[in-house]
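S.K.: Dropping the structure in here first, questions after.
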Amino acid sequence: MATTRRSLPLLRTLIAGKTQTRTVTYMPRPGDGAPRPVTLIPGDGIGPLVTNAVEQVMEAMHAPVYFEKYDVHGDMKRVPQEVLDSIKKNKVCLKGGLRTPMGGGVSSLNMQLRKELDLYASLVNCCNLPGLPTRHENVDIVVIRENTEGEYSGLEHEVVPGVVESLKVITKFCSERIAKYAFEYAYLNNRKKVTAVHKANIMKLADGLFLESCREVATKYPSIKYNEIIVDNCCMQLVSKPEQFDVMVTPNLYGNLVANTAAGIAGGTGVMPGGNVGAEYAVFEQGASAGNVGKEKIVEQKTANPVALLLSSAMMLRHLQFPSFADRLESAVKRVISEGQYRTKDLGGQSSTQEVVDAVIAKLD
């Protein structure tokens with residue numbers, strides 16, 4: 001009997017080992033494992049810290065990517081042509097935050113990148129992470145924002161001294177393609193609902209055109225529920241019942257506000273991944289813009305949270321069709337967050353950026 005009892009744990013282990021089989025994610029084509037070049041822009045503020053975190057983790061994983069690094073800063077007048085050429089060649093870019101000067105007529109390099117590469121869709125995934133306490137549970141929102149027009153068109157001029165006119169441009173072409181992207185994303189990711197955010201009760205022509213485009217596209221996806229919400233009510237609903245939202249599609253400015261609000265609800269901008277994508281190119285970065293450059297004190301103390309950009313780089317790996325590497329990275333990050341031993345100050349901990357990186361590397365399968 002004693003021998004039988006001793007052998008039971010061994011038997012259970014053997015059975016468990018047999019049941020833990022690998023799943024086939026996809027069948028690669030010959031040559032798909034060849035290392036892929038990725039343009040890397042460390043950027044300003046915390047950017048070099050968090051992009052270096054990604055470099056370390058990629059190297060530890062032996063991920064099939066290598067980086068072409070370029071020094072770009074927000075106070076430059078234009079994105080250097082060699083950087084644009086690199087992104088157009090590689091098709092994929094990973095970037096830290098670029099500081100945008102306030103006023104003074106200096107245009108945003110972030111906007112230049114989006115327009116030059118026609119990165120018309122911004123995607124931010126705002127979801128609860130296991131083990132990270134938040135005010136609301138079951139939050140899993142994807143904010144898809146039109147990235148090239150609206151209030152960000154950059155069409156401003158001074159009519160007479162003391163009077164400035166700023167144009168909001170909405171076109172059917174851009175509204176239709178962002179709506180198509182939102183519904184296609186929902187369809188491919190088994191999402192159940194798409195919510196259009198607007199202010200058509202006041203801006204009846206501009207936001208009315210956006211809604212009209214969304215409604216037309218919605219008819220082509222009968223399996224996905226479609227509804228609409230005014231942006232001010234949307235903000236109130238987000239902070240009271242965020243779990244009601246699934247995929248949200250928005251014009252440019254509203255999307256920036258909604259994404260940052262949703263990120264704050266789900267755990268903070270330091271843990272929300274995102275990216276910008278167009279027909280040909282994709283740029284991955286921290287999902288929510290608030291805090292993606294960071295305070296000088298965080299830079300000096302080297303306590304920037306690398307989680308958001310690590311998760312964004314997992315999105316990048318899936319985009320490059322390296323799903324198993326993406327799964328390994330995402331699982332390691334979530335295990336570190338769940339265990340709670342290594343967290344930066346914004347998540348209630350005292351860890352440095354490097355300590356979090358080392359913990360993630362230690363959890364890689």
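So you can find residues: chains in the structure tokens are A, B, ... in the order shown, residues in each start at 1, and ligands are numbered from 1 in order.
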Name the residues of stretch 143-221 of chain A that fall into alpha helix (DSSP H) according to DSSP on the backbone, using the chain letters and numbers of this document, as a PDB file with N, CA, C and O atoms, in the first residue's frame.

M.R.:
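Final output, saved to selection-v4.pdb:
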ATOM      1  N   LYS A 172     -15.909  61.518 -45.904  1.00  0.00           N
ATOM      2  CA  LYS A 172     -16.558  60.213 -45.997  1.00  0.00           C
ATOM      3  C   LYS A 172     -15.525  59.108 -46.191  1.00  0.00           C
ATOM      4  O   LYS A 172     -15.629  58.031 -45.621  1.00  0.00           O
ATOM      5  N   PHE A 173     -14.507  59.388 -46.989  1.00  0.00           N
ATOM      6  CA  PHE A 173     -13.473  58.388 -47.265  1.00  0.00           C
ATOM      7  C   PHE A 173     -12.797  57.928 -45.967  1.00  0.00           C
ATOM      8  O   PHE A 173     -12.696  56.722 -45.688  1.00  0.00           O
ATOM      9  N   CYS A 174     -12.337  58.890 -45.167  1.00  0.00           N
ATOM     10  CA  CYS A 174     -11.629  58.539 -43.922  1.00  0.00           C
ATOM     11  C   CYS A 174     -12.583  57.934 -42.890  1.00  0.00           C
ATOM     12  O   CYS A 174     -12.199  57.029 -42.133  1.00  0.00           O
ATOM     13  N   SER A 175     -13.809  58.426 -42.844  1.00  0.00           N
ATOM     14  CA  SER A 175     -14.783  57.888 -41.896  1.00  0.00           C
ATOM     15  C   SER A 175     -15.133  56.442 -42.236  1.00  0.00           C
ATOM     16  O   SER A 175     -15.240  55.584 -41.353  1.00  0.00           O
ATOM     17  N   GLU A 176     -15.298  56.160 -43.516  1.00  0.00           N
ATOM     18  CA  GLU A 176     -15.641  54.796 -43.947  1.00  0.00           C
ATOM     19  C   GLU A 176     -14.508  53.817 -43.655  1.00  0.00           C
ATOM     20  O   GLU A 176     -14.728  52.711 -43.177  1.00  0.00           O
ATOM     21  N   ARG A 177     -13.273  54.233 -43.933  1.00  0.00           N
ATOM     22  CA  ARG A 177     -12.186  53.277 -43.759  1.00  0.00           C
ATOM     23  C   ARG A 177     -11.894  53.006 -42.287  1.00  0.00           C
ATOM     24  O   ARG A 177     -11.517  51.891 -41.935  1.00  0.00           O
ATOM     25  N   ILE A 178     -12.093  53.999 -41.394  1.00  0.00           N
ATOM     26  CA  ILE A 178     -11.877  53.708 -39.976  1.00  0.00           C
ATOM     27  C   ILE A 178     -13.016  52.840 -39.439  1.00  0.00           C
ATOM     28  O   ILE A 178     -12.800  51.957 -38.605  1.00  0.00           O
ATOM     29  N   ALA A 179     -14.241  53.056 -39.944  1.00  0.00           N
ATOM     30  CA  ALA A 179     -15.356  52.202 -39.544  1.00  0.00           C
ATOM     31  C   ALA A 179     -15.133  50.768 -40.022  1.00  0.00           C
ATOM     32  O   ALA A 179     -15.354  49.800 -39.280  1.00  0.00           O
ATOM     33  N   LYS A 180     -14.670  50.608 -41.272  1.00  0.00           N
ATOM     34  CA  LYS A 180     -14.379  49.270 -41.802  1.00  0.00           C
ATOM     35  C   LYS A 180     -13.308  48.585 -40.955  1.00  0.00           C
ATOM     36  O   LYS A 180     -13.406  47.387 -40.669  1.00  0.00           O
ATOM     37  N   TYR A 181     -12.279  49.339 -40.575  1.00  0.00           N
ATOM     38  CA  TYR A 181     -11.207  48.743 -39.765  1.00  0.00           C
ATOM     39  C   TYR A 181     -11.750  48.295 -38.408  1.00  0.00           C
ATOM     40  O   TYR A 181     -11.395  47.213 -37.913  1.00  0.00           O
ATOM     41  N   ALA A 182     -12.597  49.105 -37.789  1.00  0.00           N
ATOM     42  CA  ALA A 182     -13.152  48.765 -36.475  1.00  0.00           C
ATOM     43  C   ALA A 182     -14.008  47.491 -36.548  1.00  0.00           C
ATOM     44  O   ALA A 182     -13.885  46.600 -35.705  1.00  0.00           O
ATOM     45  N   PHE A 183     -14.855  47.414 -37.552  1.00  0.00           N
ATOM     46  CA  PHE A 183     -15.707  46.230 -37.677  1.00  0.00           C
ATOM     47  C   PHE A 183     -14.900  44.992 -38.079  1.00  0.00           C
ATOM     48  O   PHE A 183     -15.170  43.885 -37.614  1.00  0.00           O
ATOM     49  N   GLU A 184     -13.906  45.189 -38.914  1.00  0.00           N
ATOM     50  CA  GLU A 184     -13.049  44.067 -39.298  1.00  0.00           C
ATOM     51  C   GLU A 184     -12.266  43.560 -38.094  1.00  0.00           C
ATOM     52  O   GLU A 184     -12.115  42.355 -37.898  1.00  0.00           O
ATOM     53  N   TYR A 185     -11.777  44.495 -37.276  1.00  0.00           N
ATOM     54  CA  TYR A 185     -11.072  44.105 -36.052  1.00  0.00           C
ATOM     55  C   TYR A 185     -12.005  43.298 -35.144  1.00  0.00           C
ATOM     56  O   TYR A 185     -11.623  42.245 -34.611  1.00  0.00           O
ATOM     57  N   ALA A 186     -13.218  43.794 -34.958  1.00  0.00           N
ATOM     58  CA  ALA A 186     -14.181  43.094 -34.104  1.00  0.00           C
ATOM     59  C   ALA A 186     -14.470  41.695 -34.648  1.00  0.00           C
ATOM     60  O   ALA A 186     -14.509  40.711 -33.893  1.00  0.00           O
ATOM     61  N   TYR A 187     -14.653  41.598 -35.960  1.00  0.00           N
ATOM     62  CA  TYR A 187     -14.954  40.309 -36.598  1.00  0.00           C
ATOM     63  C   TYR A 187     -13.801  39.313 -36.426  1.00  0.00           C
ATOM     64  O   TYR A 187     -13.999  38.157 -36.063  1.00  0.00           O
ATOM     65  N   LEU A 188     -12.573  39.777 -36.661  1.00  0.00           N
ATOM     66  CA  LEU A 188     -11.414  38.882 -36.606  1.00  0.00           C
ATOM     67  C   LEU A 188     -11.029  38.501 -35.180  1.00  0.00           C
ATOM     68  O   LEU A 188     -10.354  37.485 -34.968  1.00  0.00           O
ATOM     69  N   ALA A 206     -20.499  67.449 -39.668  1.00  0.00           N
ATOM     70  CA  ALA A 206     -19.214  66.750 -39.555  1.00  0.00           C
ATOM     71  C   ALA A 206     -19.380  65.388 -38.870  1.00  0.00           C
ATOM     72  O   ALA A 206     -19.086  64.336 -39.452  1.00  0.00           O
ATOM     73  N   ASP A 207     -19.859  65.397 -37.633  1.00  0.00           N
ATOM     74  CA  ASP A 207     -20.041  64.133 -36.919  1.00  0.00           C
ATOM     75  C   ASP A 207     -21.210  63.343 -37.495  1.00  0.00           C
ATOM     76  O   ASP A 207     -21.258  62.112 -37.381  1.00  0.00           O
ATOM     77  N   GLY A 208     -22.143  64.046 -38.132  1.00  0.00           N
ATOM     78  CA  GLY A 208     -23.230  63.362 -38.820  1.00  0.00           C
ATOM     79  C   GLY A 208     -22.706  62.495 -39.957  1.00  0.00           C
ATOM     80  O   GLY A 208     -23.159  61.363 -40.174  1.00  0.00           O
ATOM     81  N   LEU A 209     -21.731  63.018 -40.702  1.00  0.00           N
ATOM     82  CA  LEU A 209     -21.109  62.252 -41.780  1.00  0.00           C
ATOM     83  C   LEU A 209     -20.366  61.036 -41.235  1.00  0.00           C
ATOM     84  O   LEU A 209     -20.426  59.937 -41.810  1.00  0.00           O
ATOM     85  N   PHE A 210     -19.694  61.220 -40.102  1.00  0.00           N
ATOM     86  CA  PHE A 210     -18.986  60.103 -39.465  1.00  0.00           C
ATOM     87  C   PHE A 210     -19.970  58.995 -39.081  1.00  0.00           C
ATOM     88  O   PHE A 210     -19.737  57.811 -39.349  1.00  0.00           O
ATOM     89  N   LEU A 211     -21.080  59.379 -38.474  1.00  0.00           N
ATOM     90  CA  LEU A 211     -22.091  58.395 -38.072  1.00  0.00           C
ATOM     91  C   LEU A 211     -22.718  57.702 -39.269  1.00  0.00           C
ATOM     92  O   LEU A 211     -22.939  56.488 -39.263  1.00  0.00           O
ATOM     93  N   GLU A 212     -23.006  58.475 -40.294  1.00  0.00           N
ATOM     94  CA  GLU A 212     -23.598  57.908 -41.512  1.00  0.00           C
ATOM     95  C   GLU A 212     -22.682  56.825 -42.086  1.00  0.00           C
ATOM     96  O   GLU A 212     -23.142  55.751 -42.509  1.00  0.00           O
ATOM     97  N   SER A 213     -21.385  57.096 -42.086  1.00  0.00           N
ATOM     98  CA  SER A 213     -20.419  56.122 -42.598  1.00  0.00           C
ATOM     99  C   SER A 213     -20.388  54.866 -41.734  1.00  0.00           C
ATOM    100  O   SER A 213     -20.332  53.743 -42.252  1.00  0.00           O
ATOM    101  N   CYS A 214     -20.415  55.049 -40.417  1.00  0.00           N
ATOM    102  CA  CYS A 214     -20.405  53.903 -39.501  1.00  0.00           C
ATOM    103  C   CYS A 214     -21.652  53.039 -39.697  1.00  0.00           C
ATOM    104  O   CYS A 214     -21.575  51.798 -39.683  1.00  0.00           O
ATOM    105  N   ARG A 215     -22.794  53.683 -39.873  1.00  0.00           N
ATOM    106  CA  ARG A 215     -24.044  52.936 -40.052  1.00  0.00           C
ATOM    107  C   ARG A 215     -24.019  52.113 -41.334  1.00  0.00           C
ATOM    108  O   ARG A 215     -24.485  50.969 -41.356  1.00  0.00           O
ATOM    109  N   GLU A 216     -23.475  52.684 -42.405  1.00  0.00           N
ATOM    110  CA  GLU A 216     -23.396  51.955 -43.668  1.00  0.00           C
ATOM    111  C   GLU A 216     -22.521  50.713 -43.534  1.00  0.00           C
ATOM    112  O   GLU A 216     -22.860  49.628 -44.024  1.00  0.00           O
ATOM    113  N   VAL A 217     -21.376  50.860 -42.868  1.00  0.00           N
ATOM    114  CA  VAL A 217     -20.472  49.722 -42.694  1.00  0.00           C
ATOM    115  C   VAL A 217     -21.098  48.675 -41.776  1.00  0.00           C
ATOM    116  O   VAL A 217     -20.952  47.466 -41.998  1.00  0.00           O
ATOM    117  N   ALA A 218     -21.819  49.124 -40.760  1.00  0.00           N
ATOM    118  CA  ALA A 218     -22.421  48.199 -39.790  1.00  0.00           C
ATOM    119  C   ALA A 218     -23.385  47.219 -40.454  1.00  0.00           C
ATOM    120  O   ALA A 218     -23.500  46.068 -40.013  1.00  0.00           O
TER     121      ALA A 218
END

S.K.: Neighbours of A:Phe322 within 10 Å (only C-alpha atoms; same-chain residues fewer than 6 positions away dropped), as a PyMOL selection string?

M.R.: chain A and resi 25-26+28+32-33+63-65+314-316

S.K.: Between atom CA of A:Lys69 and atom CA of A:Glu296, what is the distance in Å, rounded to a tenth?

M.R.: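 Separating atom CA of A:Lys69 from atom CA of A:Glu296 is a distance of 22.8 Å.
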
S.K.: Please, what distance in Å, to one decimal, runs between atom CA of A:Ala279 and atom CA of A:Ile229?

M.R.: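 We find that atom CA of A:Ala279 and atom CA of A:Ile229 lie 28.0 Å from each other.
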
S.K.: Fewer than 2 positions away in the same chain doesn't count, so skip those; otherwise give me all residues within 12 Å of A:Leu364, counting only C-alpha atoms, as a list in words.

M.R.: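 Answer for this query is Val57, Met58, Glu59, Ala60, Met61, His62, Ala63, Ser324, Phe325, Ala326, Asp327, Arg328, Leu329, Glu330, Ser331, Ala332, Val333, Lys334, Arg335, Val336, Val357, Asp358, Ala359, Val360, Ile361 and Ala362 of chain A.
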
S.K.: Nearest residue to A:Ile265 out of A:Asp71, A:Glu243, A:Glu116, A:Glu82, using only C-alpha atoms?

M.R.: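 Checking each of A:Asp71, A:Glu243, A:Glu116, A:Glu82 against A:Ile265, counting only C-alpha atoms, the winner is A:Glu243.
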
S.K.: Residues of stretch 198-284 of chain A that have any atom at most 9 Å from an atom of stretch 337-352 of chain A: could you tabulate them with the shortest-distance atom pair and the distance in Å to one decimal, using only C-alpha atoms, ordered by chain and increasing number, as JSON lines?

M.R.:
{"residue": "A:Gly267", "atom": "CA", "partner": "A:Leu347", "partner_atom": "CA", "distance": 7.9}
{"residue": "A:Gly268", "atom": "CA", "partner": "A:Asp346", "partner_atom": "CA", "distance": 7.8}
{"residue": "A:Gly270", "atom": "CA", "partner": "A:Asp346", "partner_atom": "CA", "distance": 7.5}

S.K.: Please return, as an MDAnalysis selection string, all residues of stretch 177-322 of chain A that DSSP assigns to strand (DSSP E or B) on the basis of the backbone.

M.R.: chainID A and resid 193:198 225:230 247:250 273:277 282:286

S.K.: Dump C-alpha atoms for the selected residues as a compact mmCIF listing (two decimals), in the first residue's frame?

M.R.:
# COMPACT_ATOMS: atom_id res chain seq x y z
CA LYS A 193 -20.14 45.06 -30.26
CA VAL A 194 -18.89 48.25 -31.89
CA THR A 195 -19.83 51.63 -30.39
CA ALA A 196 -19.45 54.84 -32.43
CA VAL A 197 -18.59 57.92 -30.32
CA HIS A 198 -19.77 61.29 -31.67
CA LYS A 225 -24.03 44.65 -32.53
CA TYR A 226 -23.73 48.35 -33.35
CA ASN A 227 -24.67 51.33 -31.21
CA GLU A 228 -23.85 55.03 -30.85
CA ILE A 229 -23.10 57.28 -27.90
CA ILE A 230 -22.55 61.05 -27.53
CA VAL A 247 -14.84 48.02 -29.43
CA MET A 248 -15.20 51.80 -29.72
CA VAL A 249 -14.69 53.71 -32.98
CA THR A 250 -14.14 57.45 -32.80
CA PRO A 273 -0.45 48.70 -25.30
CA GLY A 274 -1.28 50.22 -28.66
CA GLY A 275 -0.20 51.08 -32.14
CA ASN A 276 -0.97 52.91 -35.35
CA VAL A 277 -1.61 51.08 -38.59
CA ALA A 282 2.54 49.93 -38.66
CA VAL A 283 4.05 51.88 -35.75
CA PHE A 284 3.78 50.39 -32.25
CA GLU A 285 4.05 52.50 -29.11
CA GLN A 286 2.59 52.98 -25.65
